[in-house]
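> First the structure, which I've put down as structure tokens, then a few questions once you've had a look.
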Amino acid sequence: MTKNKVLKEWIEEIQSLCKPDRIVLWEGTKVQYDELAEECVRTKKAIRLNPKKRPNSLLFRSDPSDVARVEKRTFISTTKESDAGPTNNWIAPTVLKPIMLELYKNCMTGRTMYVIPFSMGPVGHEFSKVGVEITDSPYVALNMHIMTRTGRSVLHLIDQGETFVKALHSVGYPLQPGDIDPAWPSAPMDHKYISHFPEDNMIWAYGSGYGGNALLGKKCFALRIASNQARNEGWMAEHMLILKLTDPNQKIRYITGAFPSACGKTNLAMINPSLPGWKAETCGDDIAWMRIKEDGRLYAINPENGFFGVTSGTSQSSNPIALATVQHDTIFTNTALTDDMDVWWEDLTPEAPEHLIDWQGNDWYKGDSVRPDHPNARFTAPLTNCPALAKEYQEPVPISAILFGGRRPTTIPLIHQSFSFCHGIFIGSIMGSQITAAVLDEHIGEVRRDPFAMLPFIGYNITDYVNHWTKIYHMSTEDLLPKIFFVNWFRRDENNQYIWPGFGENSRILQWILERTEGNINYKITPIGFVPDLKHLNLTNLSISKAALDTLFEVKKEDWEIEIKDIESYYAKVYGIHTPEVLKVQLQKLKERFE
Ligand code: OXD
Ligand code: MN
């Protein structure tokens with residue numbers, strides 16, 4: 001199977017531990033993908049969608065207990081607890097490995113074990129890293145084929161001695177002779193483990209078949225393990241979209257953006273600018289690997305090869321490009337099924353069809369009180385399906401601006417720019433979203449901090465992570481590094497209505513951001529950073545009142561007094577005596593600017 005001794009021995013070790021019935025090497029060909037897709041349909045694990053409406057596409061339905069990433073079962077397993085830090089679940093490897101080895105024993109009986117060599121980033125590229133996922137889930141094999149570069153070309157690199165991340169995955173459901181295999185096998189919650197061993201460059205996942213728990217190239221490798229590698233090697237693995245923007249003068253710039261979930265990251269990655277003459281193209285919607293190159297600039301590349309997006313809320317008005325992206329060669333998970341064998345999810349069309357099969361396989365009729373799709377239903381589609389994919393999506397691109405964002409009904413203006421890169425690090429550290437009534441009643445109004453949108457994805461101690469941003473700063477100079485901004489599309493008025501129209505109109509803010517990266521003098525100074533001088537914000541053909549604009553950009557001292565207190569107690573809770581110097585200095589300066 002391979003000439004690489006380490007890989008050969010690892011495959012043998014897993015084979016004798018997990019005892020699969022057979023082993024398949026993932027060659028990465030279309031024939032192999034199509035055959036496995038067909039096998040999933042034949043064995044009733046997947047439904048083939050109407051080829052006239054959605055060619056070469058499948059629908060999978062997960063077990064109702066296995067529908068999302070399970071953060072409470074996600075572990076960073078380092079020798080020292082302090083290396084995992086206060087924001088991760090930690091178990092020592094000497095404790096965790098024996099527990100998991102016991103679970104892995106014979107766990108693939110009755111199943112096929114797929115050996116999937118994959119590359120995060122273009123195969124052989126200097127920014128890329130290689131992994132091998134061993135899994136007993138055909139769903140994972142099909143999804144990895146879309147989400148990463150897989151197969152022979154990667155194995156060839158490994159054969160030549162390339163080191164690789166070992167990523168082991170099992171659904172945790174062995175089959176004895178005569179057992180019926182459920183459509184979506186998985187293990188009970190207390191047997192699920194999503195474990196990372198950064199000291200061994202290794203991931204062990206058990207018991208879940210869903211998304212980031214099972215497609216180990218994504219959150220487990222490209223963020224948690226890669227953030228460790230990035231720290232050691234002097235680069236960055238971030239939870240960021242990468243967007244290419246061309247202005248009416250044909251000037252091209254690239255930006256990245258980090259937003260907590262439910263803040264429209266994929267929508268911004270696929271923005272359809274309302275401003276005439278502007279063009280936006282997608283390089284990535286979820287992860288950016290970034291390095292300072294010899295010219296001192298920060299370059300970003302998308303390590304993934306596909307989109308694993310939330311269907312809910314994706315519509316012709318919110319994201320027509322995403323809809324075009326999932327028109328063919330797409331895997332859907334947990335959407336509803338229409339009578340003509342197509343998919344449907346809430347918001348896809350203004351009116352729901354009269355009858356659907358819901359995500360659990362039951363009849364659903366219009367007017368039923370529960371929704372027919374799961375709120376975390378997903379599409380998996382190749383990047384190349386995206387009609388707005390930038391031609392340079394396989395190259396590192398120089399970043400002019402980094403956007404942080406959050407869902408904040410009050411306090412934070414629509415846009416502000418940090419005074420410096422280090423002030424930008426502070427802004428990233430305090431980002432978060434306000435919990436609305438729809439989420440958690442007892443916490444309404446509270447800000448849930450999600451620093452750098454990386455809270456569940458930093459694979460090491462958060463103090464070291466913030467200090468790593470400072471190290472990156474010292475690897476270049478202020479003028480060459482990207483400028484850092486904070487956007488808040490979600491400010492509300494006194495009637496609790498969103499003030500800013502969002503979506504394509506966000507291009508007006510992007511224009512200001514790009515102008516600022518070139519130092520144009522169209523700003524006002526506030527204690528929290530630069531905000532637009534409204535005379536220079538492009539509001540042509542936008543109907544918005546002066547009062548609304550005033551609220552959108554207001555920086556109220558009373559609000560910020562509360563915010564600063566909240567930041568102080570949040571820092572005390574998370575970092576305590578280890579609060580990074582850069583955050584202490586910036587918080588102090590912020591307080592002084594309000595005096
Ligand atoms: C994702 C996430 O699925 O951030 O991208 O949870
Ligand atoms: Mn994400």
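Simple scheme: letters A, B, ... for chains in structure tokens order, numbers from 1 for residues in each chain, numbers from 1 for ligands in the order shown.
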Residues at most 12 Å from ligand 2, using only C-alpha atoms and all ligand atoms? Could they come as an MDAnalysis selection string?
chainID A and resid 68:69 211:212 218:220 222:223 238:241 257:266 284:288 304 307:310 452:457
> Can you write out the residues you just picked, keeping C-alpha atoms, as a JSON list (two decimals), in the first residue's frame?

[["chain", "number", "residue", "atom", "x", "y", "z"],
["A", 68, "ALA", "CA", -23.07, 18.82, 15.64],
["A", 69, "ARG", "CA", -19.58, 19.30, 16.99],
["A", 211, "GLY", "CA", -18.84, 17.22, 10.63],
["A", 212, "GLY", "CA", -15.93, 18.59, 12.60],
["A", 218, "LYS", "CA", -11.05, 20.56, 9.19],
["A", 219, "LYS", "CA", -11.30, 21.79, 12.78],
["A", 220, "CYS", "CA", -9.15, 19.03, 14.36],
["A", 222, "ALA", "CA", -6.42, 22.64, 10.17],
["A", 223, "LEU", "CA", -7.17, 24.57, 13.37],
["A", 238, "GLU", "CA", -6.98, 30.97, 11.91],
["A", 239, "HIS", "CA", -10.76, 30.57, 11.72],
["A", 240, "MET", "CA", -11.07, 33.09, 8.90],
["A", 241, "LEU", "CA", -12.62, 33.57, 5.49],
["A", 257, "GLY", "CA", -12.36, 37.83, 8.42],
["A", 258, "ALA", "CA", -12.99, 36.00, 11.68],
["A", 259, "PHE", "CA", -16.55, 35.84, 12.99],
["A", 260, "PRO", "CA", -18.20, 33.62, 15.61],
["A", 261, "SER", "CA", -20.81, 31.19, 14.30],
["A", 262, "ALA", "CA", -24.14, 32.64, 13.15],
["A", 263, "CYS", "CA", -22.54, 35.94, 12.15],
["A", 264, "GLY", "CA", -22.64, 35.43, 8.36],
["A", 265, "LYS", "CA", -19.09, 34.32, 7.61],
["A", 266, "THR", "CA", -20.01, 32.27, 4.53],
["A", 284, "GLY", "CA", -12.10, 30.50, 1.43],
["A", 285, "ASP", "CA", -15.02, 30.62, 3.85],
["A", 286, "ASP", "CA", -13.73, 29.05, 7.07],
["A", 287, "ILE", "CA", -9.98, 28.61, 7.60],
["A", 288, "ALA", "CA", -6.90, 30.66, 6.67],
["A", 304, "GLU", "CA", -9.53, 23.30, 2.46],
["A", 307, "PHE", "CA", -17.32, 24.17, 1.74],
["A", 308, "PHE", "CA", -19.02, 22.55, 4.72],
["A", 309, "GLY", "CA", -21.69, 25.17, 5.16],
["A", 310, "VAL", "CA", -24.86, 25.55, 7.17],
["A", 452, "PHE", "CA", -10.57, 35.66, 17.42],
["A", 453, "ALA", "CA", -13.58, 33.31, 16.75],
["A", 454, "MET", "CA", -11.12, 30.65, 17.91],
["A", 455, "LEU", "CA", -12.45, 29.73, 21.36],
["A", 456, "PRO", "CA", -13.21, 26.08, 20.48],
["A", 457, "PHE", "CA", -10.30, 25.80, 18.06]]
> Just the residues within 12 Å of Leu17 in chain A, please, counting only C-alpha atoms, with nothing from its chain fewer than 6 positions along; format it as a list in words.
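My reading of the contact set: Trp10, Ile11, Met100, Leu101, Glu102, Leu103, Tyr104, Lys105, Asn106, Cys107, Met108, Thr109, Met113, Leu168 and Ser170 of chain A.
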> Kindly save the residues from that selection, with C-alpha atoms included, as a CSV table (one decimal), in the first residue's frame.

chain,number,residue,atom,x,y,z
A,10,TRP,CA,0.6,2.6,11.6
A,11,ILE,CA,-1.9,1.0,9.2
A,100,MET,CA,-9.5,5.2,24.0
A,101,LEU,CA,-7.5,2.1,23.1
A,102,GLU,CA,-10.0,0.1,25.0
A,103,LEU,CA,-12.8,1.7,22.9
A,104,TYR,CA,-10.9,1.2,19.7
A,105,LYS,CA,-10.4,-2.5,20.4
A,106,ASN,CA,-12.3,-4.5,17.6
A,107,CYS,CA,-14.4,-1.3,16.9
A,108,MET,CA,-14.3,-1.8,13.1
A,109,THR,CA,-15.4,-5.4,13.1
A,113,MET,CA,-11.4,0.7,7.0
A,168,LEU,CA,-7.8,8.0,13.4
A,170,SER,CA,-14.2,5.4,14.2
> Could you work out how far CA of Phe486 in chain A lies from CA of Ala548 in chain A, giving the answer in Å with one decimal?
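Computed distance, CA of Ala548 in chain A to CA of Phe486 in chain A, equals 19.1 Å.
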> Apply DSSP to the structure's backbone, then extract all residues of range 447-547 of chain A labelled alpha helix (DSSP H) and return them as a PyMOL selection string.
chain A and resi 462-474+506-517+546-547
> How would you write, as a PyMOL selection string, the set of residues in range 304-550 of chain A that DSSP gives as strand (DSSP E or B)?
chain A and resi 306-310+331-333+336-338+343-344+355-357+363-365+378-382+389+397-405+415-417+432-434+447-449+483-487+492+498+523-526+529-532
> Would you compute the distance between CA of Thr333 in chain A and CA of Val67 in chain A? Give it in Å to one decimal.
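Atom-to-atom, CA of Thr333 in chain A and CA of Val67 in chain A are spaced 9.2 Å apart.
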> From the options A:Tyr210, A:Tyr114, A:Phe485, A:Trp345, which residue's atoms come nearest to ligand 1, counting only C-alpha atoms and all ligand atoms?
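Nearest candidate to ligand 1 out of A:Tyr210, A:Tyr114, A:Phe485, A:Trp345: A:Tyr210.
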> Do you know which residues are at most 6 Å from Tyr206 in chain A counting only C-alpha atoms, after dropping those on the same chain fewer than 4 positions away, and could you put them as a list in words?
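Non-adjacent residues within range: His169, Ser170, Val171, Gly172, Lys192 and Tyr193 of chain A.
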